[in-house]
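Right, one structure below, let's go through it.
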Amino acid sequence: LPTIVINLPNLPVNAKPLEMVWIPAGSFLMGSPENESGRQADEGPQHGVVILKPFYLSRYEITQAQWLDVMSSNPSKFPGKDRPVEYVSWYDAVKFCNALSVKEGLIPAYKIVGSKVEWDKEANGYRLPTEAEWEYAASGGQTGAITDEPLAKAPYAGSDSSALTVGWFDANSGKATKPVAQKAPNALGLYDMSGNVWEWCWDWYGTYPKDVIVNPDGSDNQTGQKVLRGGSWFTPEKLL
């Protein structure tokens with residue numbers, strides 16, 4: 001399950017949220033430049049993104065203990081209360097967000113009717129990050145004017161030897177998930193975003209735009225797949 005975001009405004013006084021990290025608003029270049037080594041076709045074109053509102057992101061991937069407490073089940077293949085929950089679909093993830101919101105007295109972010117899910121952007125409940133929010137946070141929340149220069153890769157990004165200290169992937173995981181927060185956090189204090197388990201985002205998968213875009217929330221193509229980001233215990237090391 002991906003890290004999850006909680007909308008603003010402020011929480012009710014009786015809410016007991018997950019341990020969240022404040023992510024400031026800002027701008028960055030999303031995607032990979034054409035000349036980047038190992039770049040895949042779906043990682044471009046690189047384009048400017050402006051995130052107008054700050055948001056909160058869970059410091060850790062959702063653990064099996066947290067999932068069990070909210071959903072009264074544990075679908076994971078690798079049992080362990082401090083390991084991230086896995087084998088959950090995108091629909092499982094949005095249902096978890098809503099269930100946790102109700103449990104904590106928040107307004108659910110999603111209206112779910114059958115397989116159709118609508119995002120109520122005025123709600124203050126838990127939700128999945130957009131892909132842009134995810135990449136911005138995973139890169140350390142680096143901000144600044146959008147230019148032709150690529151966003152500097154944070155050490156956390158997980159390339160070459162840095163992956164040994166920040167992420168779990170096929171060559172160092174022992175072919176299994178690991179308890180959360182065993183590797184170094186990024187500059188914002190977020191753990192495991194480039195390894196351990198893949199993380200669901202809100203967006204439908206689609207081609208990136210070429211121009212600067214404000215608060216993107218994915219492709220309009222609702223017949224494809226939802227976006228997964230990060231890395232996993234069973235996939236090779238590579239860049240974000």
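Ordering of the structure tokens sets the chain letters (A, B, ...), residue numbers begin anew at 1 in every chain, and ligands are numbered from 1 in the order given.
For region 158-198 of chain A, the set of residues given helix (DSSP H, G or I) by DSSP on the backbone reads Asp160, Ser161, Ser162, Ala163, Leu164, Thr165 and Val166 of chain A.
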* To do: For region 65-71 of chain A, work out the shell of residues within 8 Å, counting only C-alpha atoms and skipping chain neighbours fewer than 2 positions away, then give it as a PyMOL selection string.
  => chain A and resi 62-63+73-74+80-82+85+96+99-100+103
Pull all heavy atoms from the residues just selected and write them as a PDB file, in the first residue's frame.
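As written to disk, result14.pdb reads:
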```pdb
ATOM      1  N   ILE A  62       2.110   1.921   5.153  1.00  0.00           N
ATOM      2  CA  ILE A  62       1.106   1.373   6.069  1.00  0.00           C
ATOM      3  C   ILE A  62       1.501  -0.044   6.476  1.00  0.00           C
ATOM      4  O   ILE A  62       1.756  -0.902   5.624  1.00  0.00           O
ATOM      5  CB  ILE A  62      -0.285   1.370   5.422  1.00  0.00           C
ATOM      6  CG1 ILE A  62      -0.698   2.789   5.037  1.00  0.00           C
ATOM      7  CG2 ILE A  62      -1.315   0.748   6.368  1.00  0.00           C
ATOM      8  CD1 ILE A  62      -0.704   3.759   6.190  1.00  0.00           C
ATOM      9  N   THR A  63       1.561  -0.274   7.786  1.00  0.00           N
ATOM     10  CA  THR A  63       1.983  -1.580   8.281  1.00  0.00           C
ATOM     11  C   THR A  63       0.806  -2.556   8.343  1.00  0.00           C
ATOM     12  O   THR A  63      -0.362  -2.168   8.324  1.00  0.00           O
ATOM     13  CB  THR A  63       2.606  -1.475   9.679  1.00  0.00           C
ATOM     14  OG1 THR A  63       1.586  -1.062  10.603  1.00  0.00           O
ATOM     15  CG2 THR A  63       3.760  -0.485   9.697  1.00  0.00           C
ATOM     16  N   SER A  73      -8.514  -7.453   8.722  1.00  0.00           N
ATOM     17  CA  SER A  73      -7.976  -8.509   7.859  1.00  0.00           C
ATOM     18  C   SER A  73      -6.522  -8.184   7.552  1.00  0.00           C
ATOM     19  O   SER A  73      -6.069  -7.056   7.763  1.00  0.00           O
ATOM     20  CB  SER A  73      -8.773  -8.609   6.553  1.00  0.00           C
ATOM     21  OG  SER A  73      -8.626  -7.427   5.787  1.00  0.00           O
ATOM     22  N   ASN A  74      -5.807  -9.181   7.057  1.00  0.00           N
ATOM     23  CA  ASN A  74      -4.417  -8.957   6.661  1.00  0.00           C
ATOM     24  C   ASN A  74      -4.113  -9.833   5.447  1.00  0.00           C
ATOM     25  O   ASN A  74      -3.905 -11.034   5.586  1.00  0.00           O
ATOM     26  CB  ASN A  74      -3.452  -9.288   7.803  1.00  0.00           C
ATOM     27  CG  ASN A  74      -2.001  -9.016   7.425  1.00  0.00           C
ATOM     28  OD1 ASN A  74      -1.712  -8.479   6.361  1.00  0.00           O
ATOM     29  ND2 ASN A  74      -1.083  -9.395   8.299  1.00  0.00           N
ATOM     30  N   GLY A  80       3.952 -10.043   9.448  1.00  0.00           N
ATOM     31  CA  GLY A  80       4.781  -9.299  10.392  1.00  0.00           C
ATOM     32  C   GLY A  80       4.127  -7.970  10.677  1.00  0.00           C
ATOM     33  O   GLY A  80       3.873  -7.188   9.752  1.00  0.00           O
ATOM     34  N   LYS A  81       3.835  -7.673  11.926  1.00  0.00           N
ATOM     35  CA  LYS A  81       3.047  -6.486  12.252  1.00  0.00           C
ATOM     36  C   LYS A  81       3.714  -5.193  11.806  1.00  0.00           C
ATOM     37  O   LYS A  81       3.032  -4.204  11.506  1.00  0.00           O
ATOM     38  CB  LYS A  81       2.757  -6.441  13.754  1.00  0.00           C
ATOM     39  CG  LYS A  81       3.995  -6.278  14.629  1.00  0.00           C
ATOM     40  CD  LYS A  81       3.622  -6.165  16.103  1.00  0.00           C
ATOM     41  CE  LYS A  81       4.856  -5.915  16.963  1.00  0.00           C
ATOM     42  NZ  LYS A  81       4.505  -5.746  18.400  1.00  0.00           N
ATOM     43  N   ASP A  82       5.064  -5.174  11.773  1.00  0.00           N
ATOM     44  CA  ASP A  82       5.776  -3.962  11.387  1.00  0.00           C
ATOM     45  C   ASP A  82       6.190  -3.952   9.919  1.00  0.00           C
ATOM     46  O   ASP A  82       6.805  -2.998   9.453  1.00  0.00           O
ATOM     47  CB  ASP A  82       7.035  -3.785  12.252  1.00  0.00           C
ATOM     48  CG  ASP A  82       6.685  -3.542  13.713  1.00  0.00           C
ATOM     49  OD1 ASP A  82       5.645  -2.909  13.970  1.00  0.00           O
ATOM     50  OD2 ASP A  82       7.448  -3.982  14.594  1.00  0.00           O
ATOM     51  N   VAL A  85       1.900  -3.658   4.640  1.00  0.00           N
ATOM     52  CA  VAL A  85       0.861  -4.515   4.086  1.00  0.00           C
ATOM     53  C   VAL A  85       1.067  -4.601   2.573  1.00  0.00           C
ATOM     54  O   VAL A  85       1.494  -3.638   1.935  1.00  0.00           O
ATOM     55  CB  VAL A  85      -0.543  -3.974   4.432  1.00  0.00           C
ATOM     56  CG1 VAL A  85      -0.831  -2.654   3.737  1.00  0.00           C
ATOM     57  CG2 VAL A  85      -1.617  -4.996   4.133  1.00  0.00           C
ATOM     58  N   PHE A  96      -9.458   1.578   2.426  1.00  0.00           N
ATOM     59  CA  PHE A  96      -8.734   1.753   3.687  1.00  0.00           C
ATOM     60  C   PHE A  96      -8.709   3.224   4.082  1.00  0.00           C
ATOM     61  O   PHE A  96      -8.944   3.566   5.249  1.00  0.00           O
ATOM     62  CB  PHE A  96      -7.310   1.219   3.555  1.00  0.00           C
ATOM     63  CG  PHE A  96      -6.429   1.529   4.736  1.00  0.00           C
ATOM     64  CD1 PHE A  96      -6.421   0.714   5.852  1.00  0.00           C
ATOM     65  CD2 PHE A  96      -5.599   2.643   4.726  1.00  0.00           C
ATOM     66  CE1 PHE A  96      -5.622   1.001   6.951  1.00  0.00           C
ATOM     67  CE2 PHE A  96      -4.790   2.945   5.823  1.00  0.00           C
ATOM     68  CZ  PHE A  96      -4.801   2.121   6.932  1.00  0.00           C
ATOM     69  N   ALA A  99     -12.093   4.109   5.432  1.00  0.00           N
ATOM     70  CA  ALA A  99     -12.353   3.462   6.720  1.00  0.00           C
ATOM     71  C   ALA A  99     -11.565   4.130   7.842  1.00  0.00           C
ATOM     72  O   ALA A  99     -12.082   4.333   8.953  1.00  0.00           O
ATOM     73  CB  ALA A  99     -12.017   1.974   6.640  1.00  0.00           C
ATOM     74  N   LEU A 100     -10.322   4.488   7.571  1.00  0.00           N
ATOM     75  CA  LEU A 100      -9.505   5.165   8.576  1.00  0.00           C
ATOM     76  C   LEU A 100     -10.059   6.561   8.866  1.00  0.00           C
ATOM     77  O   LEU A 100     -10.067   7.014  10.016  1.00  0.00           O
ATOM     78  CB  LEU A 100      -8.059   5.253   8.108  1.00  0.00           C
ATOM     79  CG  LEU A 100      -7.064   5.912   9.064  1.00  0.00           C
ATOM     80  CD1 LEU A 100      -7.024   5.173  10.405  1.00  0.00           C
ATOM     81  CD2 LEU A 100      -5.673   5.970   8.443  1.00  0.00           C
ATOM     82  N   LYS A 103     -13.028   6.166  11.118  1.00  0.00           N
ATOM     83  CA  LYS A 103     -12.557   5.760  12.446  1.00  0.00           C
ATOM     84  C   LYS A 103     -12.066   6.956  13.243  1.00  0.00           C
ATOM     85  O   LYS A 103     -12.216   6.998  14.475  1.00  0.00           O
ATOM     86  CB  LYS A 103     -11.431   4.730  12.279  1.00  0.00           C
ATOM     87  CG  LYS A 103     -10.886   4.129  13.557  1.00  0.00           C
ATOM     88  CD  LYS A 103      -9.784   3.125  13.248  1.00  0.00           C
ATOM     89  CE  LYS A 103      -9.147   2.548  14.504  1.00  0.00           C
ATOM     90  NZ  LYS A 103     -10.078   1.679  15.247  1.00  0.00           N
TER      91      LYS A 103
END
```
* Test item: residues at most 8 Å from Gly218 (chain A), only C-alpha atoms, excluding those fewer than 4 positions along its chain, as a list in words -> Thr130, Glu131, Trp202, Asp203, Trp204, Tyr205 and Gly206 of chain A
* To do: Any chance you could list, as an MDAnalysis selection string, the residues in region 82-213 of chain A that come up strand (DSSP E or B) when DSSP is run on the backbone?
  => chainID A and resid 84 110:113 116:119 126:127 199:204 213
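Comparing the minimum interatomic distances between Ile51 (chain A) and each of A:Tyr126, A:Trp134, A:Tyr87, A:Trp198, counting only C-alpha atoms, we find that A:Trp134 sits nearest.
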Using only C-alpha atoms, find each residue of region 92-139 of chain A with at least one atom at most 10 Å away from an atom of region 174-195 of chain A; report its shortest atom-to-atom pair and that distance in Å (one decimal), sort the rows by chain and rising residue number, and return the result as CSV.
```
residue,atom,partner,partner_atom,distance
A:Trp134,CA,A:Met193,CA,8.8
A:Glu135,CA,A:Met193,CA,9.4
A:Ala137,CA,A:Leu188,CA,7.5
A:Ala138,CA,A:Met193,CA,6.2
A:Ser139,CA,A:Asn186,CA,7.7
```
May I have the residues from that selection written out with N, CA, C and O atoms, as a PDB file, in the first residue's frame?
```
ATOM      1  N   TRP A 134       3.607  12.480  -4.994  1.00  0.00           N
ATOM      2  CA  TRP A 134       4.504  11.400  -4.602  1.00  0.00           C
ATOM      3  C   TRP A 134       5.937  11.691  -5.055  1.00  0.00           C
ATOM      4  O   TRP A 134       6.880  11.601  -4.260  1.00  0.00           O
ATOM      5  N   GLU A 135       6.116  12.037  -6.322  1.00  0.00           N
ATOM      6  CA  GLU A 135       7.475  12.263  -6.824  1.00  0.00           C
ATOM      7  C   GLU A 135       8.129  13.464  -6.155  1.00  0.00           C
ATOM      8  O   GLU A 135       9.314  13.444  -5.830  1.00  0.00           O
ATOM      9  N   ALA A 137       7.543  14.609  -3.131  1.00  0.00           N
ATOM     10  CA  ALA A 137       7.913  14.235  -1.768  1.00  0.00           C
ATOM     11  C   ALA A 137       9.074  13.250  -1.753  1.00  0.00           C
ATOM     12  O   ALA A 137       9.985  13.355  -0.928  1.00  0.00           O
ATOM     13  N   ALA A 138       9.059  12.288  -2.673  1.00  0.00           N
ATOM     14  CA  ALA A 138      10.126  11.293  -2.708  1.00  0.00           C
ATOM     15  C   ALA A 138      11.470  11.917  -3.052  1.00  0.00           C
ATOM     16  O   ALA A 138      12.519  11.438  -2.607  1.00  0.00           O
ATOM     17  N   SER A 139      11.442  13.002  -3.810  1.00  0.00           N
ATOM     18  CA  SER A 139      12.678  13.702  -4.171  1.00  0.00           C
ATOM     19  C   SER A 139      13.125  14.669  -3.090  1.00  0.00           C
ATOM     20  O   SER A 139      14.049  15.453  -3.306  1.00  0.00           O
TER      21      SER A 139
END
```
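Within the 9 Å cut-off around Glu43 (chain A), using only C-alpha atoms and omitting residues fewer than 4 positions from it on the same chain, the listed residues are Met30, Gly31, Ser32, Pro33, Glu34, Arg39, Thr207 and Tyr208 of chain A.
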* Asked: Quick one: residues within 6 Å of Pro108 (chain A), only C-alpha atoms counted, chain neighbours fewer than 2 positions away excluded, as a PyMOL selection string?
  -> chain A and resi 98+101+110+125
* Asked: In Å, with one decimal, what is the gap from CA of Ile213 (chain A) to CA of Asn124 (chain A)?
  -> 24.0 Å
* **Minimum-distance residue to Tyr56 (chain A), chosen among A:Glu118, A:Asp92, A:Asp170, A:Glu19 (using only C-alpha atoms)** => A:Glu19
* Structure fact -> Taken to one decimal, the CA of Leu18 (chain A)-CA of Trp119 (chain A) distance is 20.5 Å
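Going from CA of Val227 (chain A) over to CA of Val94 (chain A), you cover 13.3 Å.
Compared by their closest atoms to Lys53 (chain A), and using only C-alpha atoms, the residues A:Pro216, A:Gly224, A:Pro79, A:Gly231 rank with A:Pro216 nearest.
The shortest atom-to-atom distance to Ser27 (chain A), with only C-alpha atoms taken into account, belongs to A:Val212 out of A:Val88, A:Cys201, A:Val212, A:Ala123.
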